[in-house]
Every structure is written in structure tokens, then in C-alpha cells.
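Student: Structure: start.txt, compact mmCIF, C-alpha atoms.
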```txt
# COMPACT_ATOMS: atom_id res chain seq x y z
CA MET F 1 86.41 -68.68 107.05
CA ALA F 2 87.89 -66.59 104.25
CA ASP F 3 90.73 -69.12 103.90
CA LYS F 4 88.27 -71.99 103.58
CA MET F 5 86.22 -70.10 101.01
CA PHE F 6 89.36 -69.26 99.03
CA LYS F 7 90.36 -72.93 98.97
CA ALA F 8 86.83 -73.87 97.89
CA LEU F 9 86.99 -71.40 95.02
CA LEU F 10 90.39 -72.72 93.96
CA TRP F 11 88.97 -76.24 94.00
CA ALA F 12 85.98 -75.10 91.97
CA PHE F 13 88.23 -73.42 89.43
CA ALA F 14 90.34 -76.54 89.08
CA THR F 15 87.18 -78.62 88.69
CA ALA F 16 85.86 -76.26 86.03
CA VAL F 17 89.09 -76.56 84.06
CA LEU F 18 88.97 -80.36 84.31
CA MET F 19 85.33 -80.46 83.26
CA ALA F 20 86.06 -78.19 80.32
CA GLU F 21 88.63 -80.72 79.16
CA ILE F 22 86.22 -83.62 79.61
CA VAL F 23 83.22 -81.88 78.06
CA ARG F 24 84.45 -81.02 74.61
CA GLY F 25 82.18 -80.19 71.73
CA GLN F 26 78.53 -79.24 71.81
CA GLN F 27 76.88 -81.27 74.56
CA VAL F 28 73.20 -80.58 73.82
CA PRO F 29 71.41 -80.15 70.48
CA CYS F 30 69.69 -76.93 71.54
CA ILE F 31 69.32 -74.33 74.28
CA PHE F 32 66.13 -72.44 75.07
CA VAL F 33 66.30 -69.32 77.23
CA PHE F 34 63.39 -67.73 79.10
CA GLY F 35 63.23 -64.82 81.48
CA ASP F 36 63.69 -61.10 81.99
CA SER F 37 66.36 -58.47 81.34
CA VAL F 38 69.06 -60.55 83.04
CA PHE F 39 68.74 -63.04 80.14
CA ASP F 40 67.34 -60.81 77.35
CA ASN F 41 69.65 -60.49 74.35
CA GLY F 42 67.61 -58.21 72.11
CA ASN F 43 63.94 -59.16 72.21
CA ASN F 44 62.90 -55.74 73.50
CA ASN F 45 64.68 -53.76 70.80
CA GLU F 46 61.60 -53.35 68.65
CA LEU F 47 59.04 -53.05 71.45
CA ASP F 48 57.46 -49.80 72.65
CA THR F 49 59.09 -49.92 76.06
CA LEU F 50 61.42 -48.05 78.38
CA ALA F 51 63.13 -51.37 79.10
CA LYS F 52 65.46 -51.60 76.13
CA VAL F 53 69.17 -51.00 75.85
CA ASN F 54 70.12 -51.06 72.18
CA TYR F 55 72.36 -48.02 72.59
CA SER F 56 75.82 -47.11 73.84
CA PRO F 57 77.38 -47.65 76.36
CA TYR F 58 75.60 -51.03 76.58
CA GLY F 59 77.67 -53.61 74.76
CA ILE F 60 80.88 -51.59 75.11
CA ASP F 61 82.76 -54.86 75.68
CA PHE F 62 80.66 -56.98 73.32
CA ALA F 63 82.04 -57.78 69.88
CA ARG F 64 78.97 -56.43 68.06
CA GLY F 65 78.39 -53.48 70.36
CA PRO F 66 74.86 -52.71 71.67
CA THR F 67 72.62 -55.69 70.93
CA GLY F 68 69.93 -55.35 73.60
CA ARG F 69 71.85 -57.18 76.33
CA PHE F 70 71.49 -55.39 79.66
CA SER F 71 75.22 -55.40 80.35
CA ASN F 72 78.55 -54.10 79.10
CA GLY F 73 79.23 -57.46 77.48
CA ARG F 74 78.01 -61.04 77.57
CA ASN F 75 75.16 -62.13 79.81
CA ILE F 76 74.70 -65.35 81.78
CA PRO F 77 73.11 -67.39 78.93
CA ASP F 78 76.00 -66.41 76.64
CA PHE F 79 78.50 -67.90 79.07
CA ILE F 80 76.39 -71.01 79.70
CA ALA F 81 76.14 -71.60 75.95
CA GLU F 82 79.93 -71.40 75.74
CA GLU F 83 80.30 -73.82 78.65
CA VAL F 84 78.16 -76.44 76.93
CA GLY F 85 80.12 -76.13 73.72
CA PHE F 86 78.12 -73.75 71.52
CA LYS F 87 80.29 -71.77 69.10
CA TYR F 88 77.60 -69.22 68.27
CA ASP F 89 75.13 -67.00 70.09
CA ILE F 90 71.60 -68.21 70.79
CA PRO F 91 69.46 -65.84 68.68
CA PRO F 92 66.73 -63.65 70.18
CA PHE F 93 63.20 -64.69 69.29
CA ILE F 94 62.56 -61.49 67.31
CA ARG F 95 65.31 -62.41 64.83
CA ALA F 96 65.11 -66.19 64.96
CA SER F 97 64.14 -68.24 61.93
CA THR F 98 61.88 -71.25 62.19
CA GLU F 99 64.86 -73.47 61.44
CA GLN F 100 66.70 -72.11 64.48
CA ALA F 101 64.07 -73.69 66.72
CA HIS F 102 66.10 -76.87 66.12
CA THR F 103 69.21 -75.37 67.74
CA GLY F 104 67.92 -72.88 70.29
CA ILE F 105 66.17 -69.55 70.81
CA ASN F 106 66.28 -66.87 73.50
CA TYR F 107 62.74 -65.73 74.40
CA ALA F 108 63.66 -63.56 77.42
CA SER F 109 62.32 -60.02 77.63
CA GLY F 110 63.31 -57.09 79.82
CA GLY F 111 60.51 -56.26 82.25
CA ALA F 112 58.95 -59.72 82.02
CA GLY F 113 57.45 -61.28 85.10
CA LEU F 114 55.43 -64.22 86.30
CA LEU F 115 52.42 -61.91 86.54
CA GLU F 116 50.98 -60.32 83.41
CA GLU F 117 50.63 -56.92 85.11
CA THR F 118 54.29 -56.74 86.18
CA SER F 119 56.23 -53.82 84.61
CA GLN F 120 53.18 -52.48 82.81
CA HIS F 121 54.33 -48.92 83.59
CA LEU F 122 57.41 -49.51 81.43
CA GLY F 123 55.42 -50.35 78.30
CA GLU F 124 55.49 -53.46 76.17
CA ARG F 125 57.21 -56.64 77.38
CA ILE F 126 56.90 -60.34 76.70
CA SER F 127 55.61 -62.04 79.83
CA PHE F 128 56.72 -65.54 80.81
CA GLU F 129 53.37 -66.92 79.68
CA LYS F 130 53.75 -65.28 76.27
CA GLN F 131 57.34 -66.54 75.99
CA ILE F 132 56.11 -70.10 76.45
CA THR F 133 53.42 -69.49 73.82
CA ASN F 134 56.09 -68.22 71.42
CA HIS F 135 58.18 -71.32 72.14
CA ARG F 136 55.23 -73.64 71.53
CA ASN F 137 54.48 -71.97 68.20
CA MET F 138 58.11 -72.07 67.07
CA ILE F 139 58.79 -75.74 67.84
CA LEU F 140 55.47 -76.85 66.36
CA THR F 141 55.96 -74.82 63.20
CA ALA F 142 59.52 -76.06 62.87
CA GLY F 143 58.49 -79.65 63.58
CA VAL F 144 61.20 -80.18 66.20
CA PRO F 145 61.03 -83.88 67.21
CA PRO F 146 59.89 -84.46 70.83
CA GLU F 147 62.89 -86.71 71.51
CA LYS F 148 65.21 -83.92 70.50
CA LEU F 149 63.46 -81.40 72.75
CA LYS F 150 64.02 -83.73 75.69
CA LYS F 151 67.78 -83.48 75.14
CA CYS F 152 67.88 -79.67 75.05
CA LEU F 153 68.91 -77.39 77.92
CA TYR F 154 66.34 -74.93 79.29
CA THR F 155 67.41 -71.96 81.42
CA ILE F 156 64.91 -69.67 83.17
CA ASN F 157 65.41 -66.45 85.11
CA ILE F 158 62.10 -64.89 86.13
CA GLY F 159 60.64 -63.29 89.24
CA SER F 160 62.80 -60.24 89.94
CA ASN F 161 60.44 -57.84 88.18
CA ASP F 162 57.51 -59.16 90.19
CA TYR F 163 59.28 -57.51 93.12
CA LEU F 164 61.14 -54.57 91.56
CA ASN F 165 58.37 -53.53 89.17
CA ASN F 166 55.30 -54.67 91.06
CA TYR F 167 55.46 -55.49 94.78
CA PHE F 168 57.81 -52.63 95.69
CA MET F 169 56.24 -50.13 93.29
CA PRO F 170 53.37 -47.72 94.04
CA ALA F 171 50.08 -47.50 92.09
CA PRO F 172 48.83 -49.00 89.84
CA TYR F 173 50.25 -52.04 91.65
CA THR F 174 48.35 -53.38 94.66
CA THR F 175 50.18 -56.60 95.51
CA ASN F 176 52.09 -55.04 98.40
CA GLY F 177 48.87 -54.22 100.20
CA ASN F 178 47.25 -57.54 99.36
CA PHE F 179 50.03 -59.97 100.27
CA SER F 180 52.53 -60.64 103.03
CA PHE F 181 56.04 -61.67 101.96
CA ASP F 182 55.14 -65.35 102.34
CA GLY F 183 51.74 -64.95 100.71
CA TYR F 184 53.19 -63.20 97.67
CA ALA F 185 55.88 -65.84 97.24
CA ASP F 186 53.24 -68.58 97.37
CA TYR F 187 51.15 -66.69 94.81
CA LEU F 188 54.09 -66.37 92.41
CA ILE F 189 55.18 -69.98 92.81
CA ARG F 190 51.68 -71.23 91.95
CA SER F 191 52.04 -69.47 88.60
CA TYR F 192 55.59 -70.75 88.20
CA ARG F 193 54.46 -74.34 88.79
CA SER F 194 51.85 -74.03 86.05
CA TYR F 195 54.35 -72.59 83.58
CA LEU F 196 56.94 -75.29 84.30
CA LYS F 197 54.30 -77.94 83.71
CA SER F 198 53.58 -76.36 80.34
CA LEU F 199 57.26 -76.50 79.43
CA TYR F 200 57.47 -80.11 80.60
CA ILE F 201 54.53 -81.01 78.36
CA LEU F 202 56.38 -79.30 75.49
CA GLY F 203 59.41 -81.51 76.07
CA ALA F 204 61.58 -79.76 78.68
CA ARG F 205 63.57 -82.35 80.65
CA LYS F 206 66.84 -80.54 81.49
CA VAL F 207 65.84 -77.36 83.29
CA ALA F 208 67.78 -74.82 85.36
CA VAL F 209 65.64 -72.29 87.25
CA PHE F 210 67.51 -69.27 88.56
CA GLY F 211 66.39 -67.75 91.84
CA VAL F 212 66.07 -64.06 92.59
CA SER F 213 69.26 -62.29 93.68
CA LYS F 214 69.64 -59.89 96.61
CA LEU F 215 67.55 -57.19 95.00
CA GLY F 216 67.90 -55.04 98.09
CA CYS F 217 71.61 -54.71 97.34
CA THR F 218 71.17 -53.31 93.82
CA PRO F 219 72.08 -49.61 93.53
CA ARG F 220 68.45 -48.89 92.65
CA MET F 221 67.02 -50.40 95.83
CA ILE F 222 69.81 -49.08 98.02
CA ALA F 223 68.75 -45.60 96.88
CA SER F 224 64.98 -46.09 97.08
CA HIS F 225 64.58 -48.47 100.03
CA GLY F 226 67.94 -48.50 101.80
CA GLY F 227 68.27 -44.82 102.47
CA GLY F 228 71.27 -44.70 100.17
CA LYS F 229 73.42 -46.20 102.91
CA GLY F 230 73.33 -49.95 102.37
CA CYS F 231 71.30 -52.95 101.27
CA ALA F 232 67.54 -52.65 101.74
CA ALA F 233 66.96 -55.44 104.28
CA GLU F 234 63.18 -55.41 103.78
CA VAL F 235 63.54 -56.10 100.07
CA ASN F 236 65.98 -58.96 100.61
CA LYS F 237 63.71 -60.42 103.29
CA ALA F 238 60.77 -60.32 100.87
CA VAL F 239 62.49 -62.41 98.19
CA GLU F 240 63.81 -65.10 100.54
CA PRO F 241 60.55 -67.10 100.68
CA PHE F 242 60.32 -66.97 96.88
CA ASN F 243 63.76 -68.57 96.57
CA LYS F 244 62.97 -71.14 99.25
CA ASN F 245 59.77 -72.11 97.46
CA LEU F 246 61.39 -72.16 94.03
CA LYS F 247 64.08 -74.53 95.26
CA ALA F 248 61.35 -76.75 96.72
CA LEU F 249 59.52 -76.58 93.38
CA ALA F 250 62.58 -77.91 91.55
CA PHE F 251 62.75 -80.84 93.97
CA GLU F 252 58.99 -81.38 93.57
CA PHE F 253 59.33 -81.72 89.79
CA ASN F 254 62.21 -84.15 90.23
CA ARG F 255 60.03 -86.32 92.46
CA ASN F 256 57.02 -86.16 90.17
CA PHE F 257 58.79 -86.56 86.82
CA ALA F 258 61.41 -89.29 86.93
CA ASP F 259 62.44 -88.68 83.32
CA ALA F 260 63.42 -85.06 84.00
CA LYS F 261 66.12 -83.13 85.88
CA PHE F 262 65.31 -79.74 87.38
CA THR F 263 67.85 -77.73 89.33
CA PHE F 264 67.74 -74.51 91.34
CA VAL F 265 70.43 -71.86 90.90
CA ASP F 266 70.95 -69.86 94.10
CA LEU F 267 71.92 -66.29 93.21
CA PHE F 268 70.97 -64.95 96.65
CA SER F 269 73.27 -66.83 99.02
CA SER F 270 76.37 -66.35 96.90
CA GLN F 271 76.20 -62.56 97.21
CA ASN F 272 78.40 -61.76 100.18
CA PRO F 273 81.33 -59.38 100.81
CA ILE F 274 83.92 -62.11 101.37
CA GLU F 275 83.24 -63.85 98.07
CA TYR F 276 83.18 -60.52 96.24
CA PHE F 277 86.57 -59.64 97.73
CA ILE F 278 88.11 -63.00 96.84
CA LEU F 279 86.82 -62.73 93.29
CA GLY F 280 88.25 -59.24 92.85
CA PHE F 281 85.06 -57.19 92.98
CA THR F 282 85.87 -54.00 94.87
CA VAL F 283 82.77 -51.94 93.99
CA THR F 284 79.56 -53.72 94.96
CA ASP F 285 77.04 -50.94 95.57
CA LYS F 286 77.43 -48.53 92.65
CA SER F 287 76.88 -48.69 88.91
CA CYS F 288 79.79 -48.70 86.49
CA CYS F 289 77.98 -46.60 83.90
CA THR F 290 76.50 -43.14 84.40
CA VAL F 291 72.91 -43.40 85.64
CA GLU F 292 70.90 -40.22 85.94
CA SER F 293 68.98 -39.44 89.13
CA GLY F 294 65.83 -41.50 89.52
CA GLN F 295 66.72 -43.85 86.65
CA GLU F 296 68.05 -47.40 86.59
CA LEU F 297 69.52 -47.76 83.09
CA CYS F 298 72.71 -46.20 81.74
CA ALA F 299 72.47 -42.71 80.29
CA ALA F 300 73.16 -42.82 76.54
CA ASN F 301 76.71 -42.14 75.45
CA LYS F 302 77.88 -41.04 78.91
CA SER F 303 81.07 -42.06 80.72
CA VAL F 304 81.64 -45.52 82.22
CA CYS F 305 84.16 -46.84 84.72
CA PRO F 306 87.48 -48.03 83.25
CA ASN F 307 87.88 -50.93 85.72
CA ARG F 308 84.71 -52.80 84.77
CA GLY F 309 86.05 -56.14 86.00
CA GLN F 310 85.96 -54.81 89.56
CA TYR F 311 82.31 -53.76 89.49
CA VAL F 312 79.38 -56.07 90.28
CA TYR F 313 76.76 -53.75 88.78
CA TRP F 314 76.84 -52.30 85.28
CA ASP F 315 73.79 -50.06 85.76
CA ASN F 316 71.54 -49.64 88.79
CA VAL F 317 70.08 -53.18 88.50
CA HIS F 318 72.02 -55.34 86.05
CA SER F 319 75.38 -57.04 86.43
CA THR F 320 78.63 -56.53 84.58
CA GLU F 321 80.01 -59.12 82.20
CA ALA F 322 82.56 -60.06 84.87
CA ALA F 323 79.83 -60.84 87.41
CA ASN F 324 77.79 -62.71 84.80
CA LYS F 325 80.78 -64.91 84.02
CA VAL F 326 81.25 -65.83 87.68
CA VAL F 327 77.58 -66.79 88.06
CA ALA F 328 77.50 -68.87 84.87
CA GLU F 329 80.66 -70.79 85.74
CA ALA F 330 79.54 -71.40 89.33
CA ALA F 331 76.18 -72.71 88.09
CA PHE F 332 77.85 -74.91 85.49
CA VAL F 333 80.07 -76.75 87.99
CA GLY F 334 77.43 -76.80 90.74
CA LEU F 335 78.79 -74.35 93.33
CA ILE F 336 75.45 -72.54 93.55
CA THR F 337 73.00 -75.17 92.33
CA SER F 338 70.83 -77.82 93.94
CA PRO F 339 70.44 -80.73 93.43
CA TYR F 340 72.31 -80.79 90.08
CA SER F 341 75.00 -78.73 88.43
CA ILE F 342 74.17 -77.59 84.92
CA LEU F 343 76.92 -79.94 83.77
CA SER F 344 75.04 -82.83 85.42
CA LEU F 345 71.86 -81.83 83.61
CA ILE F 346 73.44 -82.23 80.21
CA LEU F 347 75.47 -85.41 80.76
```
As a first step, turn the structure in this file into C-alpha cells.
Tutor:
Amino acid sequence: MADKMFKALLWAFATAVLMAEIVRGQQVPCIFVFGDSVFDNGNNNELDTLAKVNYSPYGIDFARGPTGRFSNGRNIPDFIAEEVGFKYDIPPFIRASTEQAHTGINYASGGAGLLEETSQHLGERISFEKQITNHRNMILTAGVPPEKLKKCLYTINIGSNDYLNNYFMPAPYTTNGNFSFDGYADYLIRSYRSYLKSLYILGARKVAVFGVSKLGCTPRMIASHGGGKGCAAEVNKAVEPFNKNLKALAFEFNRNFADAKFTFVDLFSSQNPIEYFILGFTVTDKSCCTVESGQELCAANKSVCPNRGQYVYWDNVHSTEAANKVVAEAAFVGLITSPYSILSLIL
């Protein structure tokens, strides 16, 4: 099995190289990014929140140092932007000018969820609903033509905090007592459907929705729900119906809107020991940076691992630049997407 997977990865790499040669230059006029800390590139810096990382050692491998990205370097949207030919970073909403609504804006916010209440214990955050409102205001103020918006790429990563900072948290959250795993997933997807419809009305036609990863295998959940000994199976089991329903939602939008392409990016299934080993990740259950007891973010100005390319996790929740690069490239060529690769969305 390992041999087959290795050959598949070699094929994928060769395909990616070929596609990179074919797809030269900027392939879409703009990119819009929505989501949580996995995609945030600085929108939380000026908020009154515990969920911000504009300090060292975050950004240790990023050209401009700490920017608010929850990683040691580039995040997934950074790599996707590079793959589609962008030569510059997509600016965070807090720093974006009206004119930049013509070329792309990142609205993602650490702590954001599908539910307004999610992550309220952390302080301020920009929920998915508010992100869409910000997007609406920006494109209308800028006068971005509808036909242009239909050619842009939209990437969304939302839902993890509705589990990490809601369902699996104690008071004031009550969702765990009110919903089964399936019931909660259905509840979240109903909200997701409504938000995607809003984006469609605003012009979104090329949309990649990222599923929730194996949250039970993050260092944070291993410690709190896995007894410190391995992945928290209950947590992983809880997010499975969400991913199943989100994939079905992408297919539903493709059936209902013939002029659009929606694709699901499967972060959950690709997380397995064999793939990690083949890709060179030798540390999959610990953070690279120093995280103090009971925390999930890196301690300021403390030591970090020297072999960051071998770690999956940068802090107790978020991925290293190396892991982000693997995900972005796999999504671009279609190894972890259904029914379209991100490349297929933009062609």
C-alpha cells in the first residue's frame, strides 16, 4: 500500500510540475479568502482578542516576520495564490483599500465560526456572516463589475472553531448537550448553505470549501480529550458528519447552479501516518514552538524546533508552513478535492 501511495504522490508531483508550466501568469483577476485562523493573515491584529499572533516566533520563516498568520511562514491561501499566478500577497481586510477589492481581499479571522457565539470566550472575532457583510460592502463600494466577480477564485475554511471553541468547550456553550454529532453537523450545514447562497448572489462562481481536519489529532485535543496518548477518537468522529455533509453541499450547489463550480477539499482523509512518513513529516503529535501548559498558541519569544519541515503542527492547533504547502498543492492538482481540482475551477 505504501508503494502505491508513493507512486501516486510521485505522479501528483509530476502533474503539478506540468500544470505549473501550462498555467503561467495570473489565471484569475481576483481571489477572495474567508475563514478562521487557518486562513487569517492579519485581520485579528487590531481586535481585542486572545486569538492573535502578531508576535515572535510566529512568522519566523516569513519574509516580513510576524504578520498575524497562525504559522511559522506562509499559510494555505498564500500558496494557492502563488499556484494561480499571483505575484503578491492577498491583503487582509483591515489593511485593504477599496481599490484592492478588484484584485482580492482576505477576510478570514482567527476564532471565526459558522455560529455567532463560537469563540466568544476568546474576545472579538469576525464571524463568517460578518466576513460576507464586509465583502459585500467592499465590492459594492469599489464598484467591482459582476462579470469580473464571477471569474474570481473564492476559498473558504470555516467550521473548526464550531467544534474546538464551542461543541467541545464547557460553559457558556451548550451545543454539546443539545445536539448529537449528526444533529450538530446538520445544524452547521444549514447555516453554511445560507452563507454560500449569499456569496453566490454576490457573484461567487469558482468556490473551494475546505473541510475540517482531524481535530482530534491536534496537540491541543490529544492533551484535553485523548489523555495525552493519541488522537481523540471522539472528536474525530464528531467532525466526520460535518465533512460528509459539506461535500454533499458542494455537489448540491453544482446541481442547482449550472453556471458555477463548487469543490470540496478533504483535509480529514489525507491525514494518515503513511502519507506523513512519505512526505517527510516525522513529528505529527507535538508543536514545533514552545506552548505553555493549558495554552494552544506559541509562547512569545520562546524556543522553536530547528527542523520545522518535519513537523505537522507549528503550535497546538495550527500547521507549519511545510504542511500548509502540501495541502495547497494537493488541493490545486486535485489529490484531495471533489469533484474539481482548484486548477479546474480557474480554467
Student: When you count all atoms listed in the file, which of these residues is closest to F:Glu46: F:Glu252, F:Glu124, F:Asp315, F:Glu234?
Tutor: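 Among F:Glu252, F:Glu124, F:Asp315, F:Glu234, it is F:Glu124 that comes nearest to F:Glu46.
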Student: Determine, counting all atoms listed in the file, which protein, DNA and RNA residues have an atom within 6 Å of an atom of F:Gly35; residues of the same chain fewer than 6 positions away are not included. Present the result as a list in words.
Tutor: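 Contacts, with the query itself left out: Ala108, Ile156, Asn157 and Ile158 of chain F.
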Student: Under the rule that all atoms listed in the file are counted, which of F:Ser56, F:Thr141, F:Gln131, F:Asn176 is the nearest residue to F:Ser303?
Tutor: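 Smallest distance to F:Ser303 is found for F:Ser56.
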Student: May I ask which of the residues F:Ile274, F:Ser341, F:Tyr154, F:Glu321 is the closest one to F:Phe62, counting only C-alpha atoms?
Tutor: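 Checking each of F:Ile274, F:Ser341, F:Tyr154, F:Glu321 against F:Phe62, counting only C-alpha atoms, the winner is F:Glu321.
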Student: Take atom CA of F:Ile60 and atom CA of F:Ile90 and report the distance between them in Å, one decimal.
Tutor: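 These atoms are spaced 19.5 Å apart.
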Student: Can you pull out every residue within 7 Å of F:Tyr313, counting only C-alpha atoms, but drop anything in the same chain fewer than 4 positions away, and send it as a PDB file with C-alpha atoms, in the coordinates of the input?
Tutor:
```pdb
ATOM      1  CA  THR F 284      79.560 -53.720  94.960  1.00  0.00           C
ATOM      2  CA  LYS F 286      77.430 -48.530  92.650  1.00  0.00           C
ATOM      3  CA  SER F 287      76.880 -48.690  88.910  1.00  0.00           C
ATOM      4  CA  CYS F 288      79.790 -48.700  86.490  1.00  0.00           C
ATOM      5  CA  VAL F 317      70.080 -53.180  88.500  1.00  0.00           C
ATOM      6  CA  HIS F 318      72.020 -55.340  86.050  1.00  0.00           C
ATOM      7  CA  SER F 319      75.380 -57.040  86.430  1.00  0.00           C
ATOM      8  CA  THR F 320      78.630 -56.530  84.580  1.00  0.00           C
TER       9      THR F 320
END
```
Student: Figure out the distance between atom CA of F:Ala101 and atom CA of F:His135, please, to one decimal in Å.
Tutor: 8.3 Å
Student: Env of F:Asn41: 7 Å cut, atoms = all atoms listed in the file, seq-sep filter 3 positions within chain, self excluded. Answer as a PyMOL selection string.
Tutor: chain F and resi 67-69+92
Student: For F:Asp61, which residue out of F:Val209, F:Ala328, F:Val239, F:Val304 is the nearest one, using only C-alpha atoms?
Tutor: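 The answer is F:Val304, which sits nearest to F:Asp61.
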Student: Looking at F:Ser198, F:Gln120, F:Asn178, F:Thr103, which one is nearest to F:Ile132, with distances taken over all atoms listed in the file?
Tutor: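 Checking each candidate against F:Ile132, we get F:Ser198 as the closest.
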Student: Please, what distance in Å, to one decimal, runs between atom CA of F:Ser213 and atom CA of F:Arg95?
Tutor: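 Distance between the two atoms: 29.1 Å.
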Student: Counting only C-alpha atoms, which of F:Val235, F:Met138, F:Ala323, F:Ile278 gets nearest to F:Gly216?
Tutor: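 Once distances to F:Gly216 are computed over only C-alpha atoms, the minimum belongs to F:Val235.
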Student: I'd like the contact shell of stretch 73-89 of chain F - 10 Å cut-off, all atoms listed in the file, skipping same-chain residues fewer than 5 positions apart - returned as number ranges by chain.
Tutor: F: 16, 19-20, 23-34, 37-41, 58-67, 103-106, 153, 155-157, 314, 318-329, 331-333, 342-343, 346
Student: Is it possible to get the residues within 10 Å of (50.0, -46.4, 85.5) (coordinates as in the file, counting all atoms listed in the file) written as a ChimeraX atom specification?
Tutor: /F:119-123,170-173
Student: For stretch 260-268 of chain F, work out the shell of residues within 7 Å, counting all atoms listed in the file and skipping chain neighbours fewer than 3 positions away, then give it as a list in words.
Tutor: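 Here the answer would be Arg205, Lys206, Val207, Ala208, Val209, Phe210, Gly211, Val212, Ser213, Lys214, Lys247, Ala250, Phe253, Asn254, Phe257, Gln271, Ala331, Ile336, Thr337, Ser338, Pro339, Tyr340 and Leu345 of chain F.
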Student: Using the atoms already present, construct all heavy atoms for stretch 317-325 of chain F and hand them back as a tab-separated table (two decimals), in the frame of the given file.
Tutor:
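The new file rebuild.tsv reads:
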```tsv
chain	number	residue	atom	x	y	z
F	317	VAL	N	70.74	-51.89	88.23
F	317	VAL	CA	70.08	-53.18	88.50
F	317	VAL	C	70.86	-54.36	87.95
F	317	VAL	O	70.93	-55.41	88.59
F	317	VAL	CB	68.64	-53.19	87.92
F	317	VAL	CG1	68.03	-54.59	88.03
F	317	VAL	CG2	67.75	-52.19	88.64
F	318	HIS	N	71.45	-54.21	86.78
F	318	HIS	CA	72.02	-55.34	86.05
F	318	HIS	C	73.52	-55.48	86.24
F	318	HIS	O	74.23	-54.49	86.43
F	318	HIS	CB	71.68	-55.20	84.56
F	318	HIS	CG	70.22	-55.01	84.30
F	318	HIS	ND1	69.66	-53.77	84.09
F	318	HIS	CD2	69.22	-55.92	84.26
F	318	HIS	CE1	68.36	-53.91	83.93
F	318	HIS	NE2	68.06	-55.20	84.03
F	319	SER	N	73.99	-56.71	86.14
F	319	SER	CA	75.38	-57.04	86.43
F	319	SER	C	76.32	-56.79	85.25
F	319	SER	O	75.92	-56.75	84.09
F	319	SER	CB	75.49	-58.52	86.82
F	319	SER	OG	74.68	-58.80	87.94
F	320	THR	N	77.59	-56.64	85.60
F	320	THR	CA	78.63	-56.53	84.58
F	320	THR	C	78.90	-57.89	83.96
F	320	THR	O	78.51	-58.93	84.49
F	320	THR	CB	79.95	-56.02	85.21
F	320	THR	OG1	80.33	-56.94	86.26
F	320	THR	CG2	79.80	-54.62	85.77
F	321	GLU	N	79.61	-57.87	82.84
F	321	GLU	CA	80.01	-59.12	82.20
F	321	GLU	C	80.84	-59.97	83.15
F	321	GLU	O	80.69	-61.20	83.21
F	321	GLU	CB	80.81	-58.82	80.93
F	321	GLU	CG	81.30	-60.08	80.22
F	321	GLU	CD	82.15	-59.77	79.00
F	321	GLU	OE1	83.28	-59.26	79.19
F	321	GLU	OE2	81.70	-60.06	77.88
F	322	ALA	N	81.71	-59.32	83.94
F	322	ALA	CA	82.56	-60.06	84.87
F	322	ALA	C	81.74	-60.82	85.90
F	322	ALA	O	82.02	-61.98	86.20
F	322	ALA	CB	83.52	-59.09	85.57
F	323	ALA	N	80.69	-60.17	86.43
F	323	ALA	CA	79.83	-60.84	87.41
F	323	ALA	C	79.01	-61.94	86.75
F	323	ALA	O	78.79	-63.01	87.33
F	323	ALA	CB	78.91	-59.81	88.07
F	324	ASN	N	78.55	-61.69	85.53
F	324	ASN	CA	77.79	-62.71	84.80
F	324	ASN	C	78.62	-63.97	84.57
F	324	ASN	O	78.11	-65.09	84.66
F	324	ASN	CB	77.31	-62.15	83.45
F	324	ASN	CG	76.25	-61.09	83.59
F	324	ASN	OD1	75.52	-61.05	84.59
F	324	ASN	ND2	76.15	-60.21	82.61
F	325	LYS	N	79.89	-63.78	84.26
F	325	LYS	CA	80.78	-64.91	84.02
F	325	LYS	C	80.94	-65.76	85.28
F	325	LYS	O	80.90	-67.00	85.22
F	325	LYS	CB	82.15	-64.41	83.55
F	325	LYS	CG	83.13	-65.48	83.12
F	325	LYS	CD	84.41	-64.85	82.55
F	325	LYS	CE	85.31	-65.88	81.90
F	325	LYS	NZ	85.92	-66.79	82.89
```
